[in-house]
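Chemist: One file is attached below, work31.pdb, containing PDB, C-alpha atoms.
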ATOM      1  CA  MET K 274      84.217 132.791 103.743
ATOM      2  CA  SER K 275      84.641 133.283 100.030
ATOM      3  CA  ASN K 276      88.332 133.979 100.601
ATOM      4  CA  GLU K 277      88.750 130.748 102.451
ATOM      5  CA  LEU K 278      86.965 128.825  99.777
ATOM      6  CA  THR K 279      89.262 130.294  97.133
ATOM      7  CA  GLN K 280      92.236 129.424  99.254
ATOM      8  CA  THR K 281      90.944 125.908  99.691
ATOM      9  CA  ALA K 282      90.673 125.497  95.974
ATOM     10  CA  LYS K 283      94.284 126.651  95.516
ATOM     11  CA  ASN K 284      95.510 124.145  98.054
ATOM     12  CA  GLY K 285      94.216 121.324  95.964
ATOM     13  CA  ASN K 286      90.873 120.869  97.661
ATOM     14  CA  THR K 287      92.177 119.959 101.074
ATOM     15  CA  LEU K 288      89.607 121.252 103.477
ATOM     16  CA  ALA K 289      91.889 121.233 106.478
ATOM     17  CA  PRO K 290      95.223 122.916 105.790
ATOM     18  CA  HIS K 291      97.851 121.711 108.237
ATOM     19  CA  PRO K 292      97.867 124.078 111.177
ATOM     20  CA  PRO K 293     101.187 124.847 112.891
ATOM     21  CA  VAL K 294      99.893 123.505 116.217
ATOM     22  CA  GLU K 295      98.211 120.139 116.393
ATOM     23  CA  ARG K 296      94.471 120.598 116.812
ATOM     24  CA  HIS K 297      91.872 118.084 117.722
ATOM     25  CA  VAL K 298      89.326 117.167 115.099
ATOM     26  CA  PHE K 299      85.868 116.393 116.409
ATOM     27  CA  THR K 300      82.856 114.800 114.779
ATOM     28  CA  PRO K 301      79.967 117.129 115.564
ATOM     29  CA  PRO K 302      76.661 115.566 116.653
ATOM     30  CA  ILE K 303      73.903 116.010 114.077
ATOM     31  CA  ASP K 304      70.150 115.707 113.691
ATOM     32  CA  ILE K 305      68.546 114.974 110.351
ATOM     33  CA  TYR K 306      64.800 115.130 109.928
ATOM     34  CA  GLU K 307      62.343 115.150 107.094
ATOM     35  CA  THR K 308      59.943 117.901 106.210
ATOM     36  CA  ASP K 309      57.463 118.085 103.356
ATOM     37  CA  LYS K 310      59.981 120.008 101.303
ATOM     38  CA  GLY K 311      63.073 118.001 101.983
ATOM     39  CA  LEU K 312      65.593 117.301 104.700
ATOM     40  CA  ILE K 313      66.904 119.528 107.477
ATOM     41  CA  LEU K 314      70.336 118.837 108.899
ATOM     42  CA  ARG K 315      71.472 120.450 112.115
ATOM     43  CA  ALA K 316      74.993 120.202 113.511
ATOM     44  CA  ASP K 317      76.297 121.449 116.846
ATOM     45  CA  LEU K 318      79.363 123.595 116.180
ATOM     46  CA  PRO K 319      80.025 125.564 119.373
ATOM     47  CA  GLY K 320      82.632 128.282 118.978
ATOM     48  CA  VAL K 321      82.431 128.323 115.183
ATOM     49  CA  SER K 322      81.589 131.598 113.450
ATOM     50  CA  LEU K 323      80.658 132.360 109.858
ATOM     51  CA  ASP K 324      84.287 133.290 109.162
ATOM     52  CA  THR K 325      85.580 129.924 110.295
ATOM     53  CA  LEU K 326      82.980 127.691 108.673
ATOM     54  CA  GLU K 327      83.275 126.019 105.300
ATOM     55  CA  LEU K 328      80.483 124.108 103.672
ATOM     56  CA  GLN K 329      81.123 122.431 100.377
ATOM     57  CA  VAL K 330      79.306 120.183  97.966
ATOM     58  CA  GLN K 331      81.416 118.203  95.583
ATOM     59  CA  ASP K 332      79.847 115.572  93.395
ATOM     60  CA  ASN K 333      77.388 114.050  95.808
ATOM     61  CA  LYS K 334      79.367 114.708  98.978
ATOM     62  CA  LEU K 335      78.520 117.463 101.431
ATOM     63  CA  THR K 336      81.411 118.382 103.744
ATOM     64  CA  LEU K 337      81.321 120.720 106.682
ATOM     65  CA  PHE K 338      84.463 122.011 108.317
ATOM     66  CA  GLY K 339      84.347 124.424 111.228
ATOM     67  CA  ARG K 340      87.176 125.936 113.164
ATOM     68  CA  MET K 341      86.458 126.636 116.804
ATOM     69  CA  GLU K 342      87.907 129.918 117.949
ATOM     70  CA  GLN K 343      89.537 130.333 121.323
ATOM     71  CA  SER K 344      87.231 132.759 123.048
ATOM     72  CA  VAL K 345      89.209 133.595 126.172
ATOM     73  CA  PRO K 346      91.902 136.275 126.607
ATOM     74  CA  ASP K 347      95.553 135.250 126.270
ATOM     75  CA  ASN K 348      96.330 135.905 129.914
ATOM     76  CA  ALA K 349      93.628 133.515 131.124
ATOM     77  CA  ARG K 350      95.033 130.654 133.189
ATOM     78  CA  LEU K 351      93.263 127.336 132.728
ATOM     79  CA  LEU K 352      92.175 125.836 136.058
ATOM     80  CA  HIS K 353      89.815 123.108 134.913
ATOM     81  CA  GLN K 354      89.128 121.662 131.471
ATOM     82  CA  GLU K 355      86.322 119.495 130.149
ATOM     83  CA  TYR K 356      86.337 120.414 126.477
ATOM     84  CA  GLU K 357      89.099 121.335 124.088
ATOM     85  CA  VAL K 358      89.339 123.829 121.318
ATOM     86  CA  GLY K 359      89.567 122.119 117.954
ATOM     87  CA  ASP K 360      88.013 121.678 114.547
ATOM     88  CA  PHE K 361      84.763 120.054 113.490
ATOM     89  CA  LEU K 362      84.682 117.892 110.397
ATOM     90  CA  ARG K 363      81.944 115.709 108.954
ATOM     91  CA  SER K 364      80.889 114.558 105.493
ATOM     92  CA  PHE K 365      77.629 113.242 104.150
ATOM     93  CA  ILE K 366      76.696 111.467 100.964
ATOM     94  CA  LEU K 367      73.722 113.152  99.369
ATOM     95  CA  SER K 368      71.134 111.030  97.650
ATOM     96  CA  ASP K 369      69.727 111.836  94.217
ATOM     97  CA  GLU K 370      66.550 113.029  95.917
ATOM     98  CA  VAL K 371      68.366 116.194  97.011
ATOM     99  CA  ASP K 372      68.375 119.232  94.757
ATOM    100  CA  HIS K 373      72.097 120.023  94.934
ATOM    101  CA  GLN K 374      71.684 123.452  93.362
ATOM    102  CA  HIS K 375      69.368 124.791  96.038
ATOM    103  CA  ILE K 376      71.043 123.765  99.262
ATOM    104  CA  ALA K 377      70.843 126.612 101.763
ATOM    105  CA  ALA K 378      72.535 126.982 105.135
ATOM    106  CA  LYS K 379      72.596 129.257 108.127
ATOM    107  CA  LEU K 380      74.553 129.368 111.374
ATOM    108  CA  ILE K 381      72.727 130.462 114.526
ATOM    109  CA  ASN K 382      74.175 130.328 118.049
ATOM    110  CA  GLY K 383      76.743 127.719 117.126
ATOM    111  CA  VAL K 384      74.256 125.467 115.328
ATOM    112  CA  LEU K 385      74.530 124.954 111.590
ATOM    113  CA  GLU K 386      71.260 124.335 109.782
ATOM    114  CA  VAL K 387      71.412 123.001 106.253
ATOM    115  CA  VAL K 388      68.226 122.809 104.178
ATOM    116  CA  LEU K 389      68.382 120.048 101.593
ATOM    117  CA  PRO K 390      65.377 120.479  99.308
ATOM    118  CA  LYS K 391      63.859 117.582  97.433
ATOM    119  CA  ALA K 392      64.667 117.539  93.756
ATOM    120  CA  ASP K 393      61.681 117.826  91.453
ATOM    121  CA  LYS K 394      61.040 114.535  89.796
ATOM    122  CA  PRO K 395      61.003 114.993  86.018
ATOM    123  CA  GLU K 396      57.540 114.703  84.485
ATOM    124  CA  PRO K 397      56.888 111.407  82.770
ATOM    125  CA  ARG K 398      57.454 111.850  79.071
ATOM    126  CA  ARG K 399      55.549 110.024  76.453
ATOM    127  CA  ILE K 400      57.729 108.496  73.785
ATOM    128  CA  GLN K 401      56.148 108.203  70.438
ATOM    129  CA  VAL K 402      56.690 104.823  68.916
ATOM    130  CA  GLN K 403      56.822 104.902  65.209
ATOM    131  CA  THR K 404      55.972 102.153  62.893
ATOM    132  CA  THR K 405      57.744 101.715  59.680
TER     133      THR K 405
ATOM    134  CA  MET Z1214      88.248 105.371 119.232
ATOM    135  CA  ALA Z1215      88.635 107.494 122.303
ATOM    136  CA  LEU Z1216      85.381 109.155 123.215
ATOM    137  CA  PHE Z1217      87.120 111.943 125.000
ATOM    138  CA  ARG Z1218      90.662 113.228 125.044
ATOM    139  CA  TRP Z1219      92.197 115.022 127.953
ATOM    140  CA  GLY Z1220      94.636 117.855 127.456
ATOM    141  CA  HIS Z1221      98.361 117.443 127.854
ATOM    142  CA  SER Z1222      98.248 118.677 131.421
ATOM    143  CA  TRP Z1223      96.316 115.549 132.331
ATOM    144  CA  ASP Z1224      98.889 113.044 131.086
ATOM    145  CA  ALA Z1225      98.931 111.315 134.440
ATOM    146  CA  PHE Z1226      95.254 110.498 134.037
ATOM    147  CA  HIS Z1227      95.523 109.517 130.423
ATOM    148  CA  ASP Z1228      95.930 105.801 130.953
ATOM    149  CA  LEU Z1229      93.138 105.688 133.463
ATOM    150  CA  GLU Z1230      90.907 107.664 131.139
ATOM    151  CA  ARG Z1231      91.656 105.317 128.269
ATOM    152  CA  GLU Z1232      90.919 102.346 130.452
ATOM    153  CA  VAL Z1233      87.577 103.844 131.470
ATOM    154  CA  ASP Z1234      86.790 104.536 127.828
ATOM    155  CA  ARG Z1235      87.548 100.933 126.970
ATOM    156  CA  LEU Z1236      85.418  99.629 129.811
ATOM    157  CA  LEU Z1237      82.510 101.838 128.901
ATOM    158  CA  GLN Z1238      82.694 100.807 125.286
ATOM    159  CA  SER Z1239      82.727  97.143 126.218
ATOM    160  CA  VAL Z1240      79.555  97.681 128.208
ATOM    161  CA  ASN Z1241      78.134  99.124 124.996
ATOM    162  CA  LEU Z1242      76.113 101.871 126.543
ATOM    163  CA  SER Z1243      73.282 103.110 124.441
ATOM    164  CA  LEU Z1244      74.044 106.666 125.473
ATOM    165  CA  SER Z1245      77.409 107.020 123.829
ATOM    166  CA  PHE Z1246      77.229 109.786 121.299
ATOM    167  CA  GLN Z1247      80.301 111.864 120.767
ATOM    168  CA  GLY Z1248      81.363 114.139 123.570
ATOM    169  CA  LEU Z1249      78.590 113.124 125.895
ATOM    170  CA  ARG Z1250      79.061 109.897 127.720
ATOM    171  CA  PHE Z1251      77.207 108.297 130.531
ATOM    172  CA  GLY Z1252      78.453 109.811 133.772
ATOM    173  CA  ARG Z1253      79.848 112.894 132.103
ATOM    174  CA  GLN Z1254      78.324 116.133 133.138
ATOM    175  CA  TYR Z1255      76.504 118.274 130.632
ATOM    176  CA  PRO Z1256      77.365 120.853 129.495
ATOM    177  CA  PRO Z1257      81.169 120.560 129.437
ATOM    178  CA  VAL Z1258      82.782 123.579 131.037
ATOM    179  CA  ASN Z1259      86.234 125.125 131.243
ATOM    180  CA  LEU Z1260      87.309 127.350 134.090
ATOM    181  CA  TYR Z1261      89.895 130.101 133.716
ATOM    182  CA  GLU Z1262      91.453 132.574 136.082
ATOM    183  CA  LEU Z1263      92.228 136.138 135.082
ATOM    184  CA  PRO Z1264      93.786 138.886 137.211
ATOM    185  CA  THR Z1265      90.432 140.350 138.232
ATOM    186  CA  GLU Z1266      87.906 137.622 137.497
ATOM    187  CA  TYR Z1267      87.159 133.960 137.012
ATOM    188  CA  LEU Z1268      85.782 132.936 133.648
ATOM    189  CA  ILE Z1269      83.612 129.894 133.044
ATOM    190  CA  THR Z1270      82.945 128.833 129.472
ATOM    191  CA  ALA Z1271      80.360 126.187 128.590
ATOM    192  CA  GLU Z1272      79.544 124.579 125.257
ATOM    193  CA  LEU Z1273      75.822 125.175 124.752
ATOM    194  CA  PRO Z1274      75.168 125.348 121.018
ATOM    195  CA  GLY Z1275      71.636 126.338 120.067
ATOM    196  CA  VAL Z1276      70.621 127.460 123.535
ATOM    197  CA  LYS Z1277      69.039 130.901 123.723
ATOM    198  CA  SER Z1278      69.419 133.266 126.663
ATOM    199  CA  GLU Z1279      65.755 132.873 127.620
ATOM    200  CA  GLU Z1280      66.134 129.094 127.840
ATOM    201  CA  LEU Z1281      68.869 129.381 130.420
ATOM    202  CA  GLU Z1282      68.748 130.135 134.114
ATOM    203  CA  LEU Z1283      71.831 131.026 136.130
ATOM    204  CA  THR Z1284      71.841 131.274 139.899
ATOM    205  CA  ILE Z1285      74.596 131.667 142.439
ATOM    206  CA  ALA Z1286      74.344 130.843 146.139
ATOM    207  CA  ASN Z1287      76.899 129.903 148.799
ATOM    208  CA  GLY Z1288      79.742 129.701 146.305
ATOM    209  CA  VAL Z1289      77.861 127.328 144.006
ATOM    210  CA  LEU Z1290      76.859 128.367 140.513
ATOM    211  CA  SER Z1291      73.822 126.553 139.115
ATOM    212  CA  MET Z1292      72.875 126.403 135.452
ATOM    213  CA  THR Z1293      69.555 125.031 134.266
ATOM    214  CA  GLY Z1294      68.251 124.853 130.739
ATOM    215  CA  ARG Z1295      66.434 122.855 128.152
ATOM    216  CA  HIS Z1296      67.090 121.856 124.569
ATOM    217  CA  ILE Z1297      63.975 122.359 122.525
ATOM    218  CA  SER Z1298      63.505 120.024 119.605
ATOM    219  CA  PRO Z1299      62.667 121.741 116.334
ATOM    220  CA  GLU Z1300      59.073 122.752 115.794
ATOM    221  CA  GLY Z1301      57.048 120.685 113.403
ATOM    222  CA  ALA Z1302      59.469 117.785 113.490
ATOM    223  CA  ALA Z1303      57.676 114.682 114.659
ATOM    224  CA  GLU Z1304      59.713 111.940 116.251
ATOM    225  CA  GLU Z1305      59.193 109.539 113.340
ATOM    226  CA  ARG Z1306      60.552 112.079 110.860
ATOM    227  CA  PHE Z1307      64.026 111.946 112.385
ATOM    228  CA  ARG Z1308      66.560 109.979 110.408
ATOM    229  CA  ARG Z1309      69.335 110.779 112.835
ATOM    230  CA  GLN Z1310      69.176 112.101 116.362
ATOM    231  CA  GLU Z1311      72.559 112.674 117.978
ATOM    232  CA  ARG Z1312      72.300 116.143 119.463
ATOM    233  CA  PRO Z1313      71.499 116.314 123.156
ATOM    234  CA  ARG Z1314      67.908 117.104 124.053
ATOM    235  CA  GLY Z1315      65.795 117.616 127.101
ATOM    236  CA  VAL Z1316      66.332 119.325 130.409
ATOM    237  CA  TRP Z1317      69.791 119.649 131.897
ATOM    238  CA  GLN Z1318      71.124 121.016 135.138
ATOM    239  CA  ARG Z1319      74.629 121.587 136.361
ATOM    240  CA  SER Z1320      76.169 122.998 139.524
ATOM    241  CA  ILE Z1321      79.742 124.197 139.832
ATOM    242  CA  SER Z1322      81.579 125.013 143.040
ATOM    243  CA  LEU Z1323      83.446 128.243 142.600
ATOM    244  CA  PRO Z1324      87.108 128.214 143.565
ATOM    245  CA  ASP Z1325      87.145 131.390 145.584
ATOM    246  CA  ARG Z1326      84.940 134.159 146.798
ATOM    247  CA  VAL Z1327      83.378 136.085 143.963
ATOM    248  CA  LYS Z1328      81.210 139.163 143.779
ATOM    249  CA  SER Z1329      77.936 137.398 143.145
ATOM    250  CA  ASP Z1330      76.150 140.707 142.514
ATOM    251  CA  ASN Z1331      78.425 141.525 139.590
ATOM    252  CA  LEU Z1332      78.111 138.231 137.773
ATOM    253  CA  SER Z1333      77.619 138.675 134.046
ATOM    254  CA  ALA Z1334      77.115 136.221 131.217
ATOM    255  CA  GLU Z1335      77.064 136.299 127.429
ATOM    256  CA  PHE Z1336      76.612 133.892 124.539
ATOM    257  CA  VAL Z1337      79.151 133.902 121.733
ATOM    258  CA  ASN Z1338      78.554 131.408 118.897
ATOM    259  CA  GLY Z1339      76.971 128.837 121.172
ATOM    260  CA  ILE Z1340      79.546 129.213 123.946
ATOM    261  CA  LEU Z1341      78.285 130.584 127.223
ATOM    262  CA  LYS Z1342      80.789 132.806 129.004
ATOM    263  CA  ILE Z1343      80.204 133.625 132.649
ATOM    264  CA  HIS Z1344      82.307 136.383 134.153
ATOM    265  CA  LEU Z1345      82.754 136.168 137.901
ATOM    266  CA  PRO Z1346      84.620 139.174 139.296
ATOM    267  CA  LYS Z1347      86.857 138.340 142.254
ATOM    268  CA  ALA Z1348      85.790 139.686 145.607
ATOM    269  CA  ASP Z1349      88.034 142.380 147.040
ATOM    270  CA  GLU Z1350      89.279 140.245 149.912
ATOM    271  CA  VAL Z1351      90.952 137.727 147.615
ATOM    272  CA  LYS Z1352      92.991 140.384 145.852
ATOM    273  CA  PRO Z1353      96.451 140.828 147.386
ATOM    274  CA  ARG Z1354      96.411 143.606 149.928
ATOM    275  CA  GLN Z1355      99.347 145.580 151.290
ATOM    276  CA  ILE Z1356      99.468 145.603 155.061
ATOM    277  CA  PRO Z1357     101.213 148.672 156.436
ATOM    278  CA  VAL Z1358     103.622 147.795 159.217
ATOM    279  CA  ALA Z1359     104.009 150.401 161.904
ATOM    280  CA  PHE Z1360     107.237 150.676 163.833
ATOM    281  CA  GLY Z1361     106.879 150.938 167.562
ATOM    282  CA  THR Z1362     108.769 153.747 169.189
TER     283      THR Z1362
END
Go ahead and render the structure in this file as C-alpha cells.
Modeler:
Amino acid sequence: MSNELTQTAKNGNTLAPHPPVERHVFTPPIDIYETDKGLILRADLPGVSLDTLELQVQDNKLTLFGRMEQSVPDNARLLHQEYEVGDFLRSFILSDEVDHQHIAAKLINGVLEVVLPKADKPEPRRIQVQTT
Amino acid sequence: MALFRWGHSWDAFHDLEREVDRLLQSVNLSLSFQGLRFGRQYPPVNLYELPTEYLITAELPGVKSEELELTIANGVLSMTGRHISPEGAAEERFRRQERPRGVWQRSISLPDRVKSDNLSAEFVNGILKIHLPKADEVKPRQIPVAFGT
C-alpha cells in the first residue's frame, strides 16, 4: 500500500491512474454511525484487498479508492453475470469535530471500517485583561 | 444515472435495461440504493464454467462463514444468510444507512448435473466462491465402436 501511495503522489495526486482497459467505477454503499468516541464509517468493498485499497486524507477530504480484483481463473467462461469487476471510489468531507491525526482503518471480509475519533475540544482559556 | 450497467455481451438488452431504470427512477422507489434495486435479487452472482467445474461467485461483503447456509437439492442451490448490524449501534445513532441489512435468501438453478457431495465454498475478501465439480456423465466420453464380423 505504501508503494501505491508513493506512486499516487508522483502522478500528481490522481487517485485513479488511467487503466489500459476501461473499468467501471462504483459508489460503494456506506453506513455511518456515532459512538461515544466518534464516528464509525463502514463501506462495502467486495473483492478489494489491502494491496488494492487506498485511503487518503487531504485537507478535510477523506477519499477511499478500492480496486476489485478478478477472482476467477483466466480460462473461466462467463455464463451469467449480475455484477461487474470494477473500482470503488467515494469521498467524504470531514467536519472539524474529527481528529484528523488519529483516523484508523481496517479491512475485514471486504468491508472497510474507518474510525473517526472526535477531536478534543481545547480547554477554555482565561484571558487576562489589563488595565492601563 | 444508471443504477446498473450490463456487460458488453448484453448490448441487445441495454436499451430495455435503460428504459427499466428510467421507469423505476420515475416511480421514485424508496429502496434504490446503489447496486440493489427493487426486484433485483440479492446477492448478485456470476456464474462461470471451467473444464471440470462450475464456479459461482457472489458479492457478500461482511458476511462470515457461520452466518451463511448453503444447501443443494434437485439441481437447485440455496443460499441463506443475514446481515448483522454492528453491536452497540442504536438505530438513532446512524447518520447514513445504505448497506443492505436483514435476512436474505437466494436460490439458483444449476445449469447441469454437478457432484453435490463435492461442493466446496470459500470466502475471499467478501466474495463467496462456490465450486461445483461437474458430474462424470456430463464430461465427454469416448464410445468405442465395435466392428461386426
Chemist: Exactly which residues make up the result of the ChimeraX specification (/K :<9) & /Z on this file, given as a VMD selection string?
Modeler: chain Z and resid 1217 to 1220 1246 to 1248 1257 to 1264 1267 to 1268 1270 to 1277 1301 to 1313 1336 to 1340 1342
Chemist: From the set Z:Ser1322, Z:Asp1330, Z:Gly1294, Z:Phe1360, which residue has the shortest atom-to-atom contact distance to Leu1345 in chain Z, counting all atoms listed in the file?
Modeler: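 Using all atoms listed in the file, the shortest distance to Leu1345 in chain Z belongs to Z:Asp1330.
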Chemist: Just the residues within 7 Å of Trp1317 in chain Z, please, counting all atoms listed in the file, with nothing from its chain fewer than 6 positions along; format it as a list in words.
Modeler: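 The contact residues come out as Tyr1255, Thr1293, Gly1294 and Arg1295 of chain Z.
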Chemist: Kindly resolve the PyMOL selection byres ((chain Z and resi 1334) around 6) on the present coordinates and return the residues as a list in words.
Modeler: Ser1333, Glu1335, Lys1342, Ile1343 and His1344 of chain Z
Chemist: Which distance in Å separates CA of Lys1328 in chain Z and CA of Ile1356 in chain Z, to one decimal?
Modeler: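 Distance reported for this atom pair: 22.4 Å.
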Chemist: Determine the residue set returned by the PyMOL selection byres ((chain K and resi 363) around 7) for the present structure, and present it as a list in words.
Modeler: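 Those residues are Thr300, Thr336, Leu337, Phe338, Phe361, Leu362, Ser364 and Phe365 of chain K.
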Chemist: What does the distance from CA of Ser368 in chain K to CA of Val387 in chain K come to in Å, to one decimal?
Modeler: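 Between CA of Ser368 in chain K and CA of Val387 in chain K the gap is 14.7 Å.
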Chemist: Any idea what the distance is between CA of Ser1329 in chain Z and CA of Ile1285 in chain Z?
Modeler: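 Here the two named atoms are 6.7 Å from each other.
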